[in-house]
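Shown next: protein-v1.pdb, given as PDB, C-alpha atoms.
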ATOM      1  CA  MET U   7     -42.227  47.671 -23.042
ATOM      2  CA  ALA U   8     -42.185  46.529 -19.409
ATOM      3  CA  ALA U   9     -44.973  47.761 -17.168
ATOM      4  CA  VAL U  10     -44.024  50.434 -14.647
ATOM      5  CA  PRO U  11     -44.293  49.022 -11.101
ATOM      6  CA  ALA U  12     -47.102  50.463  -8.986
ATOM      7  CA  GLN U  13     -46.034  53.296  -6.696
ATOM      8  CA  ARG U  14     -49.322  53.683  -4.840
ATOM      9  CA  CYS U  15     -49.191  52.362  -1.271
ATOM     10  CA  ALA U  16     -51.939  51.597   1.220
ATOM     11  CA  LEU U  17     -51.764  52.738   4.845
ATOM     12  CA  ILE U  18     -53.821  50.906   7.477
ATOM     13  CA  THR U  19     -53.901  52.716  10.806
ATOM     14  CA  THR U  20     -54.720  50.937  14.070
ATOM     15  CA  GLY U  21     -53.783  53.449  16.763
ATOM     16  CA  GLY U  22     -50.881  53.543  19.208
ATOM     17  CA  THR U  23     -48.302  56.203  20.006
ATOM     18  CA  ILE U  24     -47.807  57.043  16.328
ATOM     19  CA  VAL U  25     -51.331  58.546  16.255
ATOM     20  CA  SER U  26     -51.259  59.895  19.825
ATOM     21  CA  ARG U  27     -51.066  63.441  21.128
ATOM     22  CA  ILE U  28     -51.012  64.932  24.625
ATOM     23  CA  ASP U  29     -54.429  65.914  25.926
ATOM     24  CA  PRO U  30     -53.930  69.388  27.485
ATOM     25  CA  ALA U  31     -56.599  68.667  30.097
ATOM     26  CA  THR U  32     -54.874  65.574  31.493
ATOM     27  CA  GLY U  33     -51.271  65.863  30.274
ATOM     28  CA  LEU U  34     -51.536  62.260  29.036
ATOM     29  CA  ALA U  35     -51.200  60.932  25.505
ATOM     30  CA  MET U  36     -54.189  59.438  23.684
ATOM     31  CA  PRO U  37     -54.623  58.093  20.111
ATOM     32  CA  VAL U  38     -56.471  60.846  18.233
ATOM     33  CA  LEU U  39     -54.802  61.295  14.817
ATOM     34  CA  SER U  40     -56.058  59.901  11.514
ATOM     35  CA  GLY U  41     -54.030  58.424   8.701
ATOM     36  CA  GLN U  42     -54.396  61.656   6.785
ATOM     37  CA  ASP U  43     -52.974  63.548   9.780
ATOM     38  CA  LEU U  44     -49.933  61.266   9.666
ATOM     39  CA  LEU U  45     -49.433  61.781   5.950
ATOM     40  CA  GLN U  46     -49.711  65.539   6.379
ATOM     41  CA  ALA U  47     -46.854  65.348   8.889
ATOM     42  CA  VAL U  48     -44.742  63.452   6.345
ATOM     43  CA  GLY U  49     -45.471  65.868   3.511
ATOM     44  CA  GLU U  50     -45.078  65.421  -0.235
ATOM     45  CA  GLU U  51     -42.368  62.776   0.182
ATOM     46  CA  ALA U  52     -45.087  60.308   1.176
ATOM     47  CA  GLY U  53     -46.192  60.032  -2.442
ATOM     48  CA  GLU U  54     -49.525  58.481  -3.376
ATOM     49  CA  VAL U  55     -51.059  56.720  -0.380
ATOM     50  CA  GLU U  56     -54.524  55.277   0.119
ATOM     51  CA  VAL U  57     -55.602  55.499   3.758
ATOM     52  CA  HIS U  58     -57.678  52.960   5.662
ATOM     53  CA  ASP U  59     -58.350  53.975   9.278
ATOM     54  CA  PHE U  60     -59.043  50.482  10.621
ATOM     55  CA  CYS U  61     -59.239  51.418  14.315
ATOM     56  CA  ARG U  62     -57.766  53.970  16.706
ATOM     57  CA  VAL U  63     -56.882  52.306  20.002
ATOM     58  CA  PRO U  64     -53.851  51.877  22.279
ATOM     59  CA  SER U  65     -51.972  48.763  21.201
ATOM     60  CA  PRO U  66     -52.612  46.904  24.515
ATOM     61  CA  HIS U  67     -56.264  46.967  23.389
ATOM     62  CA  LEU U  68     -55.453  45.230  20.084
ATOM     63  CA  GLY U  69     -55.717  41.469  19.829
ATOM     64  CA  PRO U  70     -57.272  38.498  18.046
ATOM     65  CA  ARG U  71     -60.675  40.176  17.624
ATOM     66  CA  GLN U  72     -59.043  42.885  15.527
ATOM     67  CA  TRP U  73     -56.526  40.576  13.810
ATOM     68  CA  VAL U  74     -59.236  38.524  12.110
ATOM     69  CA  GLY U  75     -60.419  41.686  10.342
ATOM     70  CA  LEU U  76     -57.013  43.248   9.789
ATOM     71  CA  ALA U  77     -55.479  40.282   7.949
ATOM     72  CA  PRO U  78     -58.201  40.007   5.265
ATOM     73  CA  LEU U  79     -58.040  43.776   4.690
ATOM     74  CA  ALA U  80     -54.272  43.666   4.190
ATOM     75  CA  GLN U  81     -54.606  40.608   1.928
ATOM     76  CA  SER U  82     -57.234  42.283  -0.261
ATOM     77  CA  LEU U  83     -55.126  45.421  -0.664
ATOM     78  CA  LEU U  84     -52.000  43.441  -1.563
ATOM     79  CA  GLU U  85     -53.948  41.577  -4.249
ATOM     80  CA  ARG U  86     -54.728  44.824  -6.087
ATOM     81  CA  GLU U  87     -52.500  45.521  -9.089
ATOM     82  CA  ASP U  88     -52.396  49.257  -8.331
ATOM     83  CA  ILE U  89     -50.961  48.744  -4.824
ATOM     84  CA  ALA U  90     -47.172  48.406  -4.438
ATOM     85  CA  GLY U  91     -47.316  47.445  -0.788
ATOM     86  CA  VAL U  92     -49.116  47.978   2.505
ATOM     87  CA  VAL U  93     -48.040  49.783   5.662
ATOM     88  CA  VAL U  94     -49.736  49.056   8.982
ATOM     89  CA  SER U  95     -49.171  51.706  11.653
ATOM     90  CA  HIS U  96     -49.407  50.262  15.140
ATOM     91  CA  GLY U  97     -48.546  50.895  18.766
ATOM     92  CA  THR U  98     -45.207  49.356  19.670
ATOM     93  CA  ALA U  99     -46.424  47.519  22.800
ATOM     94  CA  THR U 100     -47.992  44.605  20.884
ATOM     95  CA  LEU U 101     -46.656  45.410  17.422
ATOM     96  CA  GLU U 102     -44.549  42.249  17.185
ATOM     97  CA  GLU U 103     -47.588  40.064  17.864
ATOM     98  CA  THR U 104     -49.716  41.682  15.174
ATOM     99  CA  ALA U 105     -46.812  41.584  12.714
ATOM    100  CA  TRP U 106     -46.256  37.865  13.377
ATOM    101  CA  PHE U 107     -49.974  37.114  12.994
ATOM    102  CA  LEU U 108     -49.983  38.907   9.640
ATOM    103  CA  ASP U 109     -46.828  37.073   8.563
ATOM    104  CA  LEU U 110     -48.524  33.756   9.310
ATOM    105  CA  THR U 111     -51.872  34.513   7.672
ATOM    106  CA  VAL U 112     -51.246  36.899   4.754
ATOM    107  CA  ARG U 113     -49.707  35.517   1.571
ATOM    108  CA  SER U 114     -48.115  37.928  -0.914
ATOM    109  CA  ASP U 115     -44.694  38.694  -2.350
ATOM    110  CA  LYS U 116     -45.446  42.403  -1.990
ATOM    111  CA  PRO U 117     -44.091  44.212   1.074
ATOM    112  CA  LEU U 118     -46.289  44.411   4.143
ATOM    113  CA  VAL U 119     -44.526  46.695   6.610
ATOM    114  CA  VAL U 120     -45.574  47.294  10.223
ATOM    115  CA  THR U 121     -44.303  50.483  11.825
ATOM    116  CA  GLY U 122     -44.981  52.701  14.813
ATOM    117  CA  ALA U 123     -43.419  55.344  17.034
ATOM    118  CA  GLN U 124     -41.900  55.614  20.482
ATOM    119  CA  ARG U 125     -42.684  59.328  20.855
ATOM    120  CA  ASN U 126     -46.098  60.863  20.432
ATOM    121  CA  ALA U 127     -47.035  63.715  18.095
ATOM    122  CA  SER U 128     -46.736  66.326  20.833
ATOM    123  CA  ALA U 129     -43.017  65.628  21.243
ATOM    124  CA  ARG U 130     -40.524  67.908  19.460
ATOM    125  CA  ASP U 131     -38.690  64.836  18.167
ATOM    126  CA  PHE U 132     -41.799  62.847  17.162
ATOM    127  CA  ASP U 133     -40.459  59.805  15.288
ATOM    128  CA  GLY U 134     -43.734  58.823  13.643
ATOM    129  CA  PRO U 135     -43.343  60.726  10.343
ATOM    130  CA  ARG U 136     -39.798  59.424   9.758
ATOM    131  CA  ASN U 137     -40.840  55.834  10.509
ATOM    132  CA  LEU U 138     -43.871  56.091   8.241
ATOM    133  CA  LEU U 139     -41.777  57.522   5.414
ATOM    134  CA  THR U 140     -39.240  54.719   5.876
ATOM    135  CA  ALA U 141     -42.023  52.128   5.673
ATOM    136  CA  LEU U 142     -43.401  53.697   2.491
ATOM    137  CA  LYS U 143     -39.947  53.620   0.905
ATOM    138  CA  ILE U 144     -39.689  49.922   1.719
ATOM    139  CA  CYS U 145     -43.109  49.291   0.176
ATOM    140  CA  ARG U 146     -41.946  50.795  -3.107
ATOM    141  CA  ALA U 147     -38.556  49.043  -3.166
ATOM    142  CA  PRO U 148     -38.285  46.020  -5.490
ATOM    143  CA  ALA U 149     -35.690  44.532  -3.107
ATOM    144  CA  ALA U 150     -38.341  44.316  -0.357
ATOM    145  CA  ARG U 151     -40.459  41.756  -2.189
ATOM    146  CA  GLY U 152     -40.605  38.177  -0.950
ATOM    147  CA  HIS U 153     -39.372  38.779   2.611
ATOM    148  CA  GLY U 154     -42.700  38.328   4.385
ATOM    149  CA  VAL U 155     -44.025  40.851   6.880
ATOM    150  CA  LEU U 156     -41.414  43.395   7.929
ATOM    151  CA  VAL U 157     -41.074  45.524  11.066
ATOM    152  CA  ALA U 158     -39.411  48.854  10.303
ATOM    153  CA  LEU U 159     -38.565  51.582  12.820
ATOM    154  CA  ASN U 160     -35.606  53.919  13.167
ATOM    155  CA  GLU U 161     -34.493  53.032   9.607
ATOM    156  CA  HIS U 162     -33.848  49.367  10.444
ATOM    157  CA  VAL U 163     -35.743  46.421   8.976
ATOM    158  CA  ASN U 164     -36.603  43.276  10.957
ATOM    159  CA  ALA U 165     -38.390  40.069  10.017
ATOM    160  CA  ALA U 166     -41.719  39.653  11.829
ATOM    161  CA  ARG U 167     -40.668  36.275  13.228
ATOM    162  CA  GLU U 168     -37.524  37.706  14.821
ATOM    163  CA  ALA U 169     -38.518  41.240  15.818
ATOM    164  CA  THR U 170     -38.953  41.960  19.495
ATOM    165  CA  LYS U 171     -39.340  45.155  21.477
ATOM    166  CA  SER U 172     -36.243  45.575  23.630
ATOM    167  CA  HIS U 173     -36.683  48.974  25.305
ATOM    168  CA  THR U 174     -39.744  50.785  26.623
ATOM    169  CA  VAL U 175     -38.820  54.271  25.360
ATOM    170  CA  ASP U 176     -35.703  54.128  23.148
ATOM    171  CA  VAL U 177     -36.389  54.717  19.436
ATOM    172  CA  GLU U 178     -33.924  51.861  18.709
ATOM    173  CA  THR U 179     -36.329  49.441  20.354
ATOM    174  CA  PHE U 180     -36.973  46.672  17.809
ATOM    175  CA  GLN U 181     -34.180  44.136  17.549
ATOM    176  CA  SER U 182     -33.736  40.727  15.949
ATOM    177  CA  GLY U 183     -31.623  39.206  18.714
ATOM    178  CA  GLU U 184     -28.859  36.898  17.567
ATOM    179  CA  TRP U 185     -30.131  36.959  13.987
ATOM    180  CA  GLY U 186     -29.535  40.657  13.258
ATOM    181  CA  TYR U 187     -31.438  43.125  11.096
ATOM    182  CA  LEU U 188     -32.661  42.125   7.643
ATOM    183  CA  GLY U 189     -31.736  45.486   6.200
ATOM    184  CA  SER U 190     -31.729  49.243   6.526
ATOM    185  CA  VAL U 191     -32.996  52.401   4.880
ATOM    186  CA  VAL U 192     -30.524  55.244   4.432
ATOM    187  CA  ASN U 193     -31.790  58.301   2.547
ATOM    188  CA  GLU U 194     -33.460  56.855  -0.552
ATOM    189  CA  ARG U 195     -31.627  53.535  -0.505
ATOM    190  CA  VAL U 196     -33.361  50.398   0.804
ATOM    191  CA  THR U 197     -30.760  47.681   1.389
ATOM    192  CA  PHE U 198     -31.307  44.062   2.441
ATOM    193  CA  HIS U 199     -28.414  42.084   3.896
ATOM    194  CA  ARG U 200     -30.253  38.772   4.148
ATOM    195  CA  SER U 201     -33.661  37.143   3.756
ATOM    196  CA  PRO U 202     -35.613  35.321   6.487
ATOM    197  CA  GLN U 203     -35.005  31.606   6.024
ATOM    198  CA  ARG U 204     -37.771  30.273   8.270
ATOM    199  CA  ARG U 205     -41.268  31.049   6.991
ATOM    200  CA  LEU U 206     -44.562  29.527   8.064
ATOM    201  CA  HIS U 207     -48.038  30.013   6.594
ATOM    202  CA  LEU U 208     -51.199  29.181   8.537
ATOM    203  CA  PRO U 209     -54.310  30.414   6.682
ATOM    204  CA  LEU U 210     -56.968  32.207   8.690
ATOM    205  CA  ARG U 211     -60.091  30.049   8.338
ATOM    206  CA  ALA U 212     -62.296  31.247  11.185
ATOM    207  CA  SER U 213     -63.981  34.492  12.193
ATOM    208  CA  GLY U 214     -62.752  33.966  15.741
ATOM    209  CA  LEU U 215     -59.724  32.290  17.248
ATOM    210  CA  PRO U 216     -59.637  29.768  20.115
ATOM    211  CA  ARG U 217     -58.479  30.888  23.527
ATOM    212  CA  VAL U 218     -54.841  30.103  24.288
ATOM    213  CA  ASP U 219     -53.320  31.330  27.545
ATOM    214  CA  ILE U 220     -49.713  31.957  28.544
ATOM    215  CA  VAL U 221     -48.737  30.732  32.011
ATOM    216  CA  PRO U 222     -45.418  31.944  33.462
ATOM    217  CA  MET U 223     -42.955  29.925  35.498
ATOM    218  CA  TYR U 224     -41.210  31.755  38.334
ATOM    219  CA  ALA U 225     -39.470  30.779  41.548
ATOM    220  CA  GLY U 226     -42.045  29.186  43.803
ATOM    221  CA  ALA U 227     -44.785  28.822  41.175
ATOM    222  CA  ASP U 228     -47.189  25.924  41.386
ATOM    223  CA  GLY U 229     -49.755  24.416  39.013
ATOM    224  CA  ALA U 230     -52.693  26.607  40.032
ATOM    225  CA  MET U 231     -52.497  28.950  37.036
ATOM    226  CA  VAL U 232     -52.198  26.015  34.625
ATOM    227  CA  HIS U 233     -55.442  24.521  35.923
ATOM    228  CA  ALA U 234     -57.080  27.967  36.106
ATOM    229  CA  ALA U 235     -56.365  28.564  32.399
ATOM    230  CA  VAL U 236     -58.162  25.352  31.460
ATOM    231  CA  ALA U 237     -61.052  26.185  33.800
ATOM    232  CA  ALA U 238     -61.360  29.589  32.072
ATOM    233  CA  GLY U 239     -61.777  27.900  28.691
ATOM    234  CA  ALA U 240     -58.268  27.749  27.264
ATOM    235  CA  ARG U 241     -58.059  25.285  24.371
ATOM    236  CA  GLY U 242     -54.281  25.365  24.545
ATOM    237  CA  ILE U 243     -51.551  26.623  26.881
ATOM    238  CA  VAL U 244     -48.133  28.127  26.300
ATOM    239  CA  ILE U 245     -45.726  27.871  29.214
ATOM    240  CA  GLU U 246     -43.310  30.764  29.679
ATOM    241  CA  ALA U 247     -40.652  28.549  31.191
ATOM    242  CA  VAL U 248     -37.208  29.364  32.558
ATOM    243  CA  ALA U 249     -33.825  28.581  30.994
ATOM    244  CA  SER U 250     -34.178  26.346  27.915
ATOM    245  CA  GLY U 251     -37.729  25.269  28.757
ATOM    246  CA  HIS U 252     -37.974  24.070  32.359
ATOM    247  CA  VAL U 253     -40.489  24.407  35.212
ATOM    248  CA  ASN U 254     -40.514  23.090  38.763
ATOM    249  CA  GLY U 255     -42.027  19.776  39.781
ATOM    250  CA  GLU U 256     -45.428  21.123  40.850
ATOM    251  CA  MET U 257     -46.005  22.980  37.629
ATOM    252  CA  GLY U 258     -44.694  20.015  35.667
ATOM    253  CA  GLU U 259     -47.330  17.776  37.272
ATOM    254  CA  ALA U 260     -50.092  20.251  36.395
ATOM    255  CA  ILE U 261     -48.895  20.428  32.787
ATOM    256  CA  VAL U 262     -48.962  16.642  32.441
ATOM    257  CA  ASP U 263     -52.421  16.593  34.021
ATOM    258  CA  VAL U 264     -53.986  19.054  31.554
ATOM    259  CA  MET U 265     -52.354  17.294  28.614
ATOM    260  CA  ARG U 266     -54.089  14.080  29.771
ATOM    261  CA  GLN U 267     -57.330  16.078  29.508
ATOM    262  CA  GLY U 268     -56.550  16.753  25.833
ATOM    263  CA  VAL U 269     -55.212  20.318  26.177
ATOM    264  CA  PRO U 270     -52.075  20.830  24.044
ATOM    265  CA  VAL U 271     -49.115  22.501  25.746
ATOM    266  CA  VAL U 272     -46.277  24.379  24.051
ATOM    267  CA  VAL U 273     -43.218  25.207  26.136
ATOM    268  CA  SER U 274     -41.337  28.431  25.428
ATOM    269  CA  THR U 275     -38.892  30.413  27.563
ATOM    270  CA  ARG U 276     -38.716  33.822  29.153
ATOM    271  CA  ILE U 277     -35.103  34.138  27.966
ATOM    272  CA  PRO U 278     -34.893  36.230  24.763
ATOM    273  CA  ARG U 279     -32.044  34.289  23.130
ATOM    274  CA  GLY U 280     -31.105  30.652  22.735
ATOM    275  CA  GLY U 281     -34.539  29.040  22.480
ATOM    276  CA  THR U 282     -35.752  25.777  23.978
ATOM    277  CA  ARG U 283     -34.154  22.331  24.003
ATOM    278  CA  VAL U 284     -33.944  19.127  26.031
ATOM    279  CA  GLY U 285     -30.924  18.331  28.177
ATOM    280  CA  TYR U 286     -31.970  17.738  31.802
ATOM    281  CA  GLY U 287     -33.890  14.942  33.475
ATOM    282  CA  PHE U 288     -35.254  16.525  36.683
ATOM    283  CA  ALA U 289     -38.989  16.777  37.431
ATOM    284  CA  GLY U 290     -40.432  19.596  35.330
ATOM    285  CA  SER U 291     -37.580  19.541  32.808
ATOM    286  CA  SER U 292     -38.256  20.123  29.129
ATOM    287  CA  ALA U 293     -37.236  16.530  28.358
ATOM    288  CA  LEU U 294     -39.845  15.025  30.693
ATOM    289  CA  MET U 295     -42.569  17.400  29.486
ATOM    290  CA  VAL U 296     -41.812  16.498  25.864
ATOM    291  CA  GLU U 297     -41.891  12.817  26.802
ATOM    292  CA  ALA U 298     -45.397  13.411  28.209
ATOM    293  CA  GLY U 299     -46.574  15.131  24.974
ATOM    294  CA  ALA U 300     -45.581  18.789  25.240
ATOM    295  CA  VAL U 301     -44.042  20.610  22.266
ATOM    296  CA  LEU U 302     -41.074  22.986  22.455
ATOM    297  CA  SER U 303     -41.445  26.391  20.747
ATOM    298  CA  GLY U 304     -37.856  26.533  19.471
ATOM    299  CA  ASP U 305     -36.860  30.167  18.987
ATOM    300  CA  LEU U 306     -40.374  31.593  19.267
ATOM    301  CA  SER U 307     -41.218  33.757  22.264
ATOM    302  CA  PRO U 308     -44.221  32.762  24.382
ATOM    303  CA  TRP U 309     -46.445  35.411  22.767
ATOM    304  CA  LYS U 310     -45.479  34.358  19.242
ATOM    305  CA  ALA U 311     -45.806  30.661  20.088
ATOM    306  CA  ARG U 312     -49.321  31.422  21.360
ATOM    307  CA  ILE U 313     -50.335  32.803  17.957
ATOM    308  CA  VAL U 314     -49.099  29.680  16.152
ATOM    309  CA  LEU U 315     -51.041  27.489  18.582
ATOM    310  CA  MET U 316     -54.204  29.581  18.177
ATOM    311  CA  LEU U 317     -54.093  29.224  14.400
ATOM    312  CA  ALA U 318     -53.291  25.510  14.643
ATOM    313  CA  LEU U 319     -56.370  24.952  16.808
ATOM    314  CA  GLN U 320     -58.813  26.728  14.470
ATOM    315  CA  ASP U 321     -60.256  23.450  13.181
ATOM    316  CA  GLY U 322     -60.232  21.599  16.490
ATOM    317  CA  ALA U 323     -57.818  19.321  18.286
ATOM    318  CA  VAL U 324     -54.285  18.934  16.972
ATOM    319  CA  GLY U 325     -51.773  16.276  18.000
ATOM    320  CA  PRO U 326     -48.209  16.783  19.257
ATOM    321  CA  ASN U 327     -46.625  15.442  16.056
ATOM    322  CA  GLU U 328     -48.443  17.978  13.902
ATOM    323  CA  LEU U 329     -47.589  20.747  16.356
ATOM    324  CA  ARG U 330     -43.921  19.761  16.333
ATOM    325  CA  ARG U 331     -43.851  20.096  12.550
ATOM    326  CA  LEU U 332     -45.138  23.659  12.883
ATOM    327  CA  PHE U 333     -42.644  24.693  15.538
ATOM    328  CA  GLU U 334     -39.680  22.866  14.052
ATOM    329  CA  GLY U 335     -40.291  24.008  10.465
TER     330      GLY U 335
END
Can the structure from this file be put into structure tokens for me?
Amino acid sequence: MAAVPAQRCALITTGGTIVSRIDPATGLAMPVLSGQDLLQAVGEEAGEVEVHDFCRVPSPHLGPRQWVGLAPLAQSLLEREDIAGVVVSHGTATLEETAWFLDLTVRSDKPLVVTGAQRNASARDFDGPRNLLTALKICRAPAARGHGVLVALNEHVNAAREATKSHTVDVETFQSGEWGYLGSVVNERVTFHRSPQRRLHLPLRASGLPRVDIVPMYAGADGAMVHAAVAAGARGIVIEAVASGHVNGEMGEAIVDVMRQGVPVVVSTRIPRGGTRVGYGFAGSSALMVEAGAVLSGDLSPWKARIVLMLALQDGAVGPNELRRLFEG
């Protein structure tokens, strides 16, 4: 007789709007709720859930220092036979970065679902309980296995690599751009329309991650911020370029200069769709930067490209050929 699949889920809370409530004294929202408070709002439909209150902070306060503890916790829970899947509740501001970090570093066929809320618990139409229930349904769905880390809000399912926040307040905020949703959850039915084809695994091997800064290109920018990042200790730089990966001549010169100093540079774009590519020959163009040793991020946003570069630099220097394999894979 076949074993009955585990139905017990784990919930890791980190803070954000989903655990926030208005403080009557200030009229401003703050993260104050526990995982048990969230489950109480969902009710009996939540089923059996094991709660781990990892931290309780606004998501702009979450970053690499927390990630290096969060990933091992999620991995250990997923390795337990009695756990069907793991939900991470998170503020939406940096949710896509945490989800992508977990997708890169955690290895399991079981669902790991990151969810949040756009409205706090004091709102009449608080979306936290519905999003949490949706995430728990995904965790228990056999069809959700093998898709990597998922981002699920407003009953839509996105791949961590593709998910990006597209609106500051709309509950339909997370989108997958030109790729489209992976699936949806309607009532009790979890449906997947496709599976993410591009997966990358970079094991977490250090207790801390190297500093990598993002430097934006804008009209009239120069190379000062590129040099300042290196002076501040950046071991790598991601350029938030314009168009398909271009900067002006001054910034281009600064980028070539820091690469000569041994600092790897990855070029992304501020444009949400289309990615990076070569095609122009002017000073500061993507083609000339690549010729000098820079690596294009492909379809990865600057903030997601930064995470790949951080993990690639864990063990020290890494050459452009190895970096290209990571970003082109």
Surrounding residues of Leu34 (chain U) excluding itself and chain neighbours under 6 positions, 12 Å, all atoms listed in the file, as a PDB file with C-alpha atoms, keeping the file's coordinate frame:
ATOM      1  CA  THR U  23     -48.302  56.203  20.006  1.00  0.00           C
ATOM      2  CA  SER U  26     -51.259  59.895  19.825  1.00  0.00           C
ATOM      3  CA  ARG U  27     -51.066  63.441  21.128  1.00  0.00           C
ATOM      4  CA  ILE U  28     -51.012  64.932  24.625  1.00  0.00           C
ATOM      5  CA  ASN U 126     -46.098  60.863  20.432  1.00  0.00           C
ATOM      6  CA  ALA U 127     -47.035  63.715  18.095  1.00  0.00           C
ATOM      7  CA  SER U 128     -46.736  66.326  20.833  1.00  0.00           C
TER       8      SER U 128
END
Next on the checklist: Please expand the PyMOL selection byres ((chain U and resi 185-199) around 10) into the concrete residues it hits in this file, giving the result as number ranges by chain.
Outcome noted: U: 140-141, 143-150, 153, 156-165, 168-169, 180-184, 200-202, 279
Just want the 10 Å neighbourhood of Arg217 (chain U), counted on only C-alpha atoms, with same-chain residues fewer than 3 positions away dropped. Output as a list in words. Pro70, Gly214, Ala235, Val236, Ala238, Gly239, Ala240, Arg241, Gly242, Ile243, Arg312, Leu315, Met316, Leu319 and Gln320 of chain U
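Restricting the calculation to only C-alpha atoms, the smallest distance between Ala227 (chain U) and any of U:Val253, U:Val301, U:Ile24, U:Ala35 is found for U:Val253.
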key: Residues matched by the PyMOL selection byres ((chain U and resi 268) around 10) as number ranges by chain   = U: 241-242, 263-267, 269-271, 323-325
### Message
List as a PyMOL selection string the protein and nucleic acid residues near Pro278 (chain U), meaning an atom at most 9 Å away when only C-alpha atoms are counted, but skip any in the same chain fewer than 6 places from it.
### Response
chain U and resi 170+183+305+307
As a check of understanding: the span from CA of Leu329 (chain U) to CA of Arg113 (chain U) is 21.0 Å
Counting all atoms listed in the file, the residue among U:Gly69, U:Pro135, U:Gly49, U:Gly281 that lies closest to Leu108 (chain U) is U:Gly69
Problem set entry | Residues matched by the PyMOL selection byres ((chain U and resi 294-297) around 10), written as number ranges by chain | U: 251-253, 258-259, 261-262, 265, 271-273, 283-293, 298-302, 326
Okay, now the selection with C-alpha atoms, as a short mmCIF file (atom, residue, chain, number, x, y, z; two decimals), in the frame of the given file?
data_model
loop_
_atom_site.label_atom_id
_atom_site.label_comp_id
_atom_site.auth_asym_id
_atom_site.auth_seq_id
_atom_site.Cartn_x
_atom_site.Cartn_y
_atom_site.Cartn_z
CA GLY U 251 -37.73 25.27 28.76
CA HIS U 252 -37.97 24.07 32.36
CA VAL U 253 -40.49 24.41 35.21
CA GLY U 258 -44.69 20.02 35.67
CA GLU U 259 -47.33 17.78 37.27
CA ILE U 261 -48.90 20.43 32.79
CA VAL U 262 -48.96 16.64 32.44
CA MET U 265 -52.35 17.29 28.61
CA VAL U 271 -49.12 22.50 25.75
CA VAL U 272 -46.28 24.38 24.05
CA VAL U 273 -43.22 25.21 26.14
CA ARG U 283 -34.15 22.33 24.00
CA VAL U 284 -33.94 19.13 26.03
CA GLY U 285 -30.92 18.33 28.18
CA TYR U 286 -31.97 17.74 31.80
CA GLY U 287 -33.89 14.94 33.48
CA PHE U 288 -35.25 16.52 36.68
CA ALA U 289 -38.99 16.78 37.43
CA GLY U 290 -40.43 19.60 35.33
CA SER U 291 -37.58 19.54 32.81
CA SER U 292 -38.26 20.12 29.13
CA ALA U 293 -37.24 16.53 28.36
CA ALA U 298 -45.40 13.41 28.21
CA GLY U 299 -46.57 15.13 24.97
CA ALA U 300 -45.58 18.79 25.24
CA VAL U 301 -44.04 20.61 22.27
CA LEU U 302 -41.07 22.99 22.46
CA PRO U 326 -48.21 16.78 19.26
#
**Study point:** Spatial neighbours of region 43-46 of chain U, 8 Å, all atoms listed in the file, chain gap at least 3 places, as a PyMOL selection string
**Key:** chain U and resi 25+39-40+49+52+134-135
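Between Ala249 (chain U) and the candidates U:Asp131, U:Ala234, U:Gly229, U:Arg276, the tightest atom-to-atom separation, counting only C-alpha atoms, involves U:Arg276.
Nearest to Ala237 (chain U) of all the residues U:Trp106, U:Asp219, U:Gly97, U:Thr275 is U:Asp219, counting only C-alpha atoms.
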Separating CA of His67 (chain U) from CA of Gly22 (chain U), to the nearest tenth of an Å, is a gap of 9.5 Å
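Among the candidates U:Val38, U:Cys15, U:Ala311, U:Ile89, the one nearest to Glu54 (chain U) when counting only C-alpha atoms is U:Cys15.
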Repaired coordinates for region 275-281 of chain U (N, CA, C and O atoms) as a compact mmCIF listing (two decimals), keeping the file's coordinate frame:
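New file result_1.txt:
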# COMPACT_ATOMS: atom_id res chain seq x y z
N THR U 275 -39.75 29.96 26.48
CA THR U 275 -38.89 30.41 27.56
C THR U 275 -38.97 31.93 27.70
O THR U 275 -39.23 32.63 26.73
N ARG U 276 -38.74 32.39 28.92
CA ARG U 276 -38.72 33.82 29.15
C ARG U 276 -37.39 34.45 28.75
O ARG U 276 -37.24 35.68 28.77
N ILE U 277 -36.41 33.64 28.37
CA ILE U 277 -35.10 34.14 27.97
C ILE U 277 -35.15 34.55 26.49
O ILE U 277 -35.60 33.76 25.65
N PRO U 278 -34.72 35.75 26.14
CA PRO U 278 -34.89 36.23 24.76
C PRO U 278 -34.02 35.55 23.72
O PRO U 278 -34.34 35.59 22.54
N ARG U 279 -32.92 34.91 24.13
CA ARG U 279 -32.04 34.29 23.13
C ARG U 279 -31.72 32.85 23.51
O ARG U 279 -31.64 32.52 24.69
N GLY U 280 -31.52 32.02 22.50
CA GLY U 280 -31.10 30.65 22.74
C GLY U 280 -32.18 29.61 22.49
O GLY U 280 -31.89 28.49 22.10
N GLY U 281 -33.45 29.96 22.75
CA GLY U 281 -34.54 29.04 22.48
C GLY U 281 -34.63 27.88 23.46
O GLY U 281 -33.95 27.83 24.48
